[in-house]
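Structure first, commentary second.
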Amino acid sequence: MKHCSTCGRPVEQRIPAGDDRPRHTCTACGAIHYLNPRVVVGCLVEHEQKLLLCKRAIEPNIGRWTVPGGYLELGEGALQGARRETREEAQAEVEITAPHAYLDLPHIGQCYYLFHARLRSAFAPGPESLEVELVALEDIPWTELAFPVVHWALELFVADRSDGVFRMHQGMLHWDGTGSRFDPGHYTLRDHLALTYQEDLP
Ligand SMILES: [Zn+2]
């Protein structure tokens, strides 16, 4: 941020009175512009023991695979946003059945809310996807995933399924500060909490 969104004059980093960290502060009108994490919402869509994956048609990581997801919009709830993103990227209607993982990525200021969902329609690539496919868990393209958070979310999912349980996860993905930010090998899952629950199958 270089300019004040209130008056258009330059901002500088300054610790406001009573605060403990620098904030973008306007040099003219004094407005303090707080930057806070952004929420990303998405779905792990299951159908016949397979997961719906999208091959990205946009940067970053064009041509790599992810679960449908994206930034939560203002005025929208998390489930609403996750359904909307799934509709946009996979042209699919889904029923969200349970939370899967809340994963924080403090190094890029993002919080991911990922949900379990069931497919309730046909699917096809939306404008942001090159391909959309139902992929068996043993065929997940681990080396072609777009983002480490997707890698971790799918790893947790596969582990839960192989344990035969349903779990809701909370954790923070810590980047070790070396190598590519897109390499899941440079991340560890910290503050991991997992709650096991019963899922009532319809
Ligand atoms: Zn200003």
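Going through the structure tokens in order, the chains are called A, B, and so on, while each chain numbers its residues from 1 and the ligands are numbered from 1 in the order shown.
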Counting only C-alpha atoms and all ligand atoms, name the residues that have an atom within 7 Å of an atom of ligand 1; the answer should be given as JSON, numbers by chain. {"A": [4, 5, 6, 7, 8, 9, 26, 27, 28, 29, 30, 31]}
Dump as a PDB file, in the first residue's frame, selection limited to C-alpha atoms:
```pdb
ATOM      1  CA  CYS A   4      -4.299   6.445   1.474  1.00  0.00           C
ATOM      2  CA  SER A   5      -7.612   5.039   0.269  1.00  0.00           C
ATOM      3  CA  THR A   6      -9.377   7.844   2.165  1.00  0.00           C
ATOM      4  CA  CYS A   7      -7.538  10.931   0.830  1.00  0.00           C
ATOM      5  CA  GLY A   8      -5.042   9.660  -1.762  1.00  0.00           C
ATOM      6  CA  ARG A   9      -1.909  11.034  -0.025  1.00  0.00           C
ATOM      7  CA  CYS A  26      -1.671   8.250   6.181  1.00  0.00           C
ATOM      8  CA  THR A  27       0.832  11.139   6.403  1.00  0.00           C
ATOM      9  CA  ALA A  28      -1.947  13.646   5.663  1.00  0.00           C
ATOM     10  CA  CYS A  29      -5.264  12.607   7.235  1.00  0.00           C
ATOM     11  CA  GLY A  30      -3.877  10.148   9.785  1.00  0.00           C
ATOM     12  CA  ALA A  31      -6.147   7.283   8.717  1.00  0.00           C
TER      13      ALA A  31
END
```
Taking the backbone alone, and naming residues the way the document does, which bits of stretch 1-201 of chain A are helix (DSSP H, G or I) by DSSP, as a ChimeraX atom specification? /A:78-90,137-139,142-144,148-163,184-186
Residue neighbourhood A:Ala122, 9 Å, only C-alpha atoms, exclusion window fewer than 2 positions, as a PyMOL selection string: chain A and resi 91-93+119-120+124
Write the selection just made, keeping N, CA and C atoms, as a PDB file, in the first residue's frame?
```
ATOM      1  N   GLN A  91     -18.307 -25.806 -12.470  1.00  0.00           N
ATOM      2  CA  GLN A  91     -19.697 -25.797 -12.942  1.00  0.00           C
ATOM      3  C   GLN A  91     -20.517 -26.888 -12.262  1.00  0.00           C
ATOM      4  N   ALA A  92     -20.244 -27.084 -10.990  1.00  0.00           N
ATOM      5  CA  ALA A  92     -20.887 -28.166 -10.248  1.00  0.00           C
ATOM      6  C   ALA A  92     -21.669 -27.605  -9.073  1.00  0.00           C
ATOM      7  N   GLU A  93     -22.842 -28.189  -8.836  1.00  0.00           N
ATOM      8  CA  GLU A  93     -23.607 -27.901  -7.622  1.00  0.00           C
ATOM      9  C   GLU A  93     -23.241 -28.951  -6.580  1.00  0.00           C
ATOM     10  N   LEU A 119     -21.255 -34.217  -4.557  1.00  0.00           N
ATOM     11  CA  LEU A 119     -21.618 -33.749  -5.897  1.00  0.00           C
ATOM     12  C   LEU A 119     -23.120 -33.924  -6.098  1.00  0.00           C
ATOM     13  N   ARG A 120     -23.787 -32.867  -6.563  1.00  0.00           N
ATOM     14  CA  ARG A 120     -25.237 -32.924  -6.783  1.00  0.00           C
ATOM     15  C   ARG A 120     -25.616 -32.553  -8.211  1.00  0.00           C
ATOM     16  N   ALA A 124     -18.173 -29.559 -15.258  1.00  0.00           N
ATOM     17  CA  ALA A 124     -17.434 -29.227 -16.480  1.00  0.00           C
ATOM     18  C   ALA A 124     -16.489 -28.078 -16.140  1.00  0.00           C
TER      19      ALA A 124
END
```
From the set A:His116, A:His24, A:Arg190, A:His107, which residue has the shortest atom-to-atom contact distance to A:Gly171, counting only C-alpha atoms? A:Arg190
Tell me which protein, DNA and RNA residues are within 10 Å of A:Leu72, counting only C-alpha atoms, leaving out same-chain ones fewer than 2 positions away, and put them as an MDAnalysis selection string. chainID A and resid 38:42 69:70 74:82 84:85 112:113
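Shortest separation to A:Leu193 among A:Val158, A:Ala101, A:Val149, A:Val94 occurs at residue A:Ala101, atoms counted being only C-alpha atoms.
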For A:Ala136, which residue among A:Glu46, A:Asp19, A:Asp163, A:Glu88 is the nearest when counting only C-alpha atoms? A:Glu46
Looking only at the backbone, which of the residues in chain A does DSSP tag as strand (DSSP E), as a ChimeraX atom specification? /A:11-14,23-26,32-33,38-47,50-56,65-66,69-71,94-105,110-119,129-136,166-175,187-197
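Residues in contact with A:His151 at up to 8 Å, not including ones fewer than 5 positions away on its chain and judged by only C-alpha atoms, are Trp142, Leu145 and Pro184 of chain A.
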Nearest candidate to A:Cys111 (options A:Leu173, A:Leu35, A:Cys43, A:Leu195; using only C-alpha atoms): A:Leu173
Contact check, stretch 73-184 of chain A to stretch 55-63 of chain A, at most 10 Å, counting only C-alpha atoms, closest pairs as JSON lines:
```
{"residue": "A:Glu89", "atom": "CA", "partner": "A:Arg56", "partner_atom": "CA", "distance": 8.8}
{"residue": "A:Ala90", "atom": "CA", "partner": "A:Lys55", "partner_atom": "CA", "distance": 9.8}
{"residue": "A:Pro125", "atom": "CA", "partner": "A:Lys55", "partner_atom": "CA", "distance": 8.6}
{"residue": "A:Gly126", "atom": "CA", "partner": "A:Ala57", "partner_atom": "CA", "distance": 9.1}
{"residue": "A:Pro127", "atom": "CA", "partner": "A:Ala57", "partner_atom": "CA", "distance": 7.4}
{"residue": "A:Glu128", "atom": "CA", "partner": "A:Ala57", "partner_atom": "CA", "distance": 4.9}
{"residue": "A:Ser129", "atom": "CA", "partner": "A:Ala57", "partner_atom": "CA", "distance": 4.5}
{"residue": "A:Leu130", "atom": "CA", "partner": "A:Ala57", "partner_atom": "CA", "distance": 5.0}
{"residue": "A:Glu131", "atom": "CA", "partner": "A:Lys55", "partner_atom": "CA", "distance": 5.1}
{"residue": "A:Val132", "atom": "CA", "partner": "A:Lys55", "partner_atom": "CA", "distance": 6.3}
{"residue": "A:Glu133", "atom": "CA", "partner": "A:Lys55", "partner_atom": "CA", "distance": 8.4}
{"residue": "A:Glu144", "atom": "CA", "partner": "A:Gly63", "partner_atom": "CA", "distance": 8.4}
{"residue": "A:Leu145", "atom": "CA", "partner": "A:Asn61", "partner_atom": "CA", "distance": 8.7}
{"residue": "A:Ala146", "atom": "CA", "partner": "A:Asn61", "partner_atom": "CA", "distance": 5.6}
{"residue": "A:Phe147", "atom": "CA", "partner": "A:Asn61", "partner_atom": "CA", "distance": 8.0}
{"residue": "A:Phe182", "atom": "CA", "partner": "A:Asn61", "partner_atom": "CA", "distance": 8.8}
```
Contacts of A:Phe115 at 6 Å or less, counting only C-alpha atoms, minus same-chain residues fewer than 5 places along, as a PyMOL selection string? chain A and resi 43-44+98-100
Those same residues - all heavy atoms - I'd like them written as a PDB file, in the first residue's frame.
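To be explicit, this is the file written out as part_14.pdb:
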```
ATOM      1  N   CYS A  43     -13.912 -26.557  -1.485  1.00  0.00           N
ATOM      2  CA  CYS A  43     -14.606 -27.825  -1.247  1.00  0.00           C
ATOM      3  C   CYS A  43     -13.773 -29.025  -1.661  1.00  0.00           C
ATOM      4  O   CYS A  43     -13.143 -29.012  -2.718  1.00  0.00           O
ATOM      5  CB  CYS A  43     -15.902 -27.889  -2.056  1.00  0.00           C
ATOM      6  SG  CYS A  43     -17.191 -26.794  -1.463  1.00  0.00           S
ATOM      7  N   LEU A  44     -13.795 -30.061  -0.823  1.00  0.00           N
ATOM      8  CA  LEU A  44     -13.350 -31.387  -1.233  1.00  0.00           C
ATOM      9  C   LEU A  44     -14.619 -32.138  -1.633  1.00  0.00           C
ATOM     10  O   LEU A  44     -15.367 -32.601  -0.772  1.00  0.00           O
ATOM     11  CB  LEU A  44     -12.626 -32.105  -0.093  1.00  0.00           C
ATOM     12  CG  LEU A  44     -11.143 -31.742   0.082  1.00  0.00           C
ATOM     13  CD1 LEU A  44     -10.983 -30.315   0.588  1.00  0.00           C
ATOM     14  CD2 LEU A  44     -10.459 -32.709   1.025  1.00  0.00           C
ATOM     15  N   ALA A  98     -19.786 -31.141   5.869  1.00  0.00           N
ATOM     16  CA  ALA A  98     -18.995 -31.062   7.099  1.00  0.00           C
ATOM     17  C   ALA A  98     -17.758 -30.212   6.858  1.00  0.00           C
ATOM     18  O   ALA A  98     -17.303 -30.077   5.721  1.00  0.00           O
ATOM     19  CB  ALA A  98     -18.558 -32.472   7.534  1.00  0.00           C
ATOM     20  N   PRO A  99     -17.203 -29.642   7.928  1.00  0.00           N
ATOM     21  CA  PRO A  99     -15.910 -28.983   7.770  1.00  0.00           C
ATOM     22  C   PRO A  99     -14.806 -30.029   7.623  1.00  0.00           C
ATOM     23  O   PRO A  99     -14.897 -31.106   8.221  1.00  0.00           O
ATOM     24  CB  PRO A  99     -15.746 -28.182   9.069  1.00  0.00           C
ATOM     25  CG  PRO A  99     -16.658 -28.815  10.054  1.00  0.00           C
ATOM     26  CD  PRO A  99     -17.725 -29.553   9.305  1.00  0.00           C
ATOM     27  N   HIS A 100     -13.810 -29.734   6.828  1.00  0.00           N
ATOM     28  CA  HIS A 100     -12.654 -30.627   6.719  1.00  0.00           C
ATOM     29  C   HIS A 100     -11.436 -30.037   7.423  1.00  0.00           C
ATOM     30  O   HIS A 100     -10.842 -30.689   8.281  1.00  0.00           O
ATOM     31  CB  HIS A 100     -12.306 -30.898   5.260  1.00  0.00           C
ATOM     32  CG  HIS A 100     -10.991 -31.604   5.082  1.00  0.00           C
ATOM     33  ND1 HIS A 100     -10.714 -32.793   5.708  1.00  0.00           N
ATOM     34  CD2 HIS A 100      -9.869 -31.273   4.399  1.00  0.00           C
ATOM     35  CE1 HIS A 100      -9.475 -33.187   5.386  1.00  0.00           C
ATOM     36  NE2 HIS A 100      -8.949 -32.266   4.605  1.00  0.00           N
TER      37      HIS A 100
END
```
Do a neighbour search on A:Arg14 at 8 Å with only C-alpha atoms, toss out local chain neighbours closer than 4 positions, and write the hits as an NGL selection string. :A and (21-25)
Just all heavy atoms for this one: save the residues we selected as an mmCIF file, in the first residue's frame.
```cif
data_model
loop_
_atom_site.group_PDB
_atom_site.id
_atom_site.type_symbol
_atom_site.label_atom_id
_atom_site.label_comp_id
_atom_site.auth_asym_id
_atom_site.auth_seq_id
_atom_site.Cartn_x
_atom_site.Cartn_y
_atom_site.Cartn_z
ATOM 1 N N ARG A 21 2.486 -2.808 16.700
ATOM 2 C CA ARG A 21 3.143 -3.136 15.434
ATOM 3 C C ARG A 21 2.882 -2.033 14.415
ATOM 4 O O ARG A 21 1.892 -1.305 14.528
ATOM 5 C CB ARG A 21 2.681 -4.494 14.918
ATOM 6 C CG ARG A 21 1.226 -4.564 14.547
ATOM 7 C CD ARG A 21 0.773 -6.002 14.402
ATOM 8 N NE ARG A 21 0.712 -6.667 15.713
ATOM 9 C CZ ARG A 21 0.725 -7.984 15.875
ATOM 10 N NH1 ARG A 21 0.784 -8.778 14.848
ATOM 11 N NH2 ARG A 21 0.674 -8.503 17.090
ATOM 12 N N PRO A 22 3.780 -1.910 13.412
ATOM 13 C CA PRO A 22 3.613 -0.848 12.421
ATOM 14 C C PRO A 22 2.374 -1.072 11.568
ATOM 15 O O PRO A 22 2.045 -2.216 11.237
ATOM 16 C CB PRO A 22 4.884 -0.947 11.556
ATOM 17 C CG PRO A 22 5.780 -1.914 12.218
ATOM 18 C CD PRO A 22 4.974 -2.735 13.162
ATOM 19 N N ARG A 23 1.695 0.024 11.252
ATOM 20 C CA ARG A 23 0.520 -0.013 10.371
ATOM 21 C C ARG A 23 0.709 1.019 9.271
ATOM 22 O O ARG A 23 1.399 2.016 9.453
ATOM 23 C CB ARG A 23 -0.747 0.359 11.157
ATOM 24 C CG ARG A 23 -0.952 -0.395 12.446
ATOM 25 C CD ARG A 23 -1.437 -1.794 12.207
ATOM 26 N NE ARG A 23 -1.741 -2.479 13.465
ATOM 27 C CZ ARG A 23 -2.110 -3.751 13.546
ATOM 28 N NH1 ARG A 23 -2.214 -4.490 12.445
ATOM 29 N NH2 ARG A 23 -2.361 -4.311 14.703
ATOM 30 N N HIS A 24 0.059 0.763 8.138
ATOM 31 C CA HIS A 24 0.049 1.774 7.086
ATOM 32 C C HIS A 24 -0.778 2.967 7.589
ATOM 33 O O HIS A 24 -1.988 2.842 7.782
ATOM 34 C CB HIS A 24 -0.567 1.213 5.804
ATOM 35 C CG HIS A 24 0.304 0.210 5.121
ATOM 36 N ND1 HIS A 24 0.134 -1.146 5.255
ATOM 37 C CD2 HIS A 24 1.378 0.378 4.304
ATOM 38 C CE1 HIS A 24 1.060 -1.779 4.546
ATOM 39 N NE2 HIS A 24 1.830 -0.885 3.957
ATOM 40 N N THR A 25 -0.096 4.096 7.782
ATOM 41 C CA THR A 25 -0.742 5.274 8.356
ATOM 42 C C THR A 25 -0.605 6.436 7.386
ATOM 43 O O THR A 25 0.481 6.690 6.854
ATOM 44 C CB THR A 25 -0.078 5.629 9.704
ATOM 45 O OG1 THR A 25 -0.065 4.465 10.532
ATOM 46 C CG2 THR A 25 -0.831 6.742 10.415
#
```
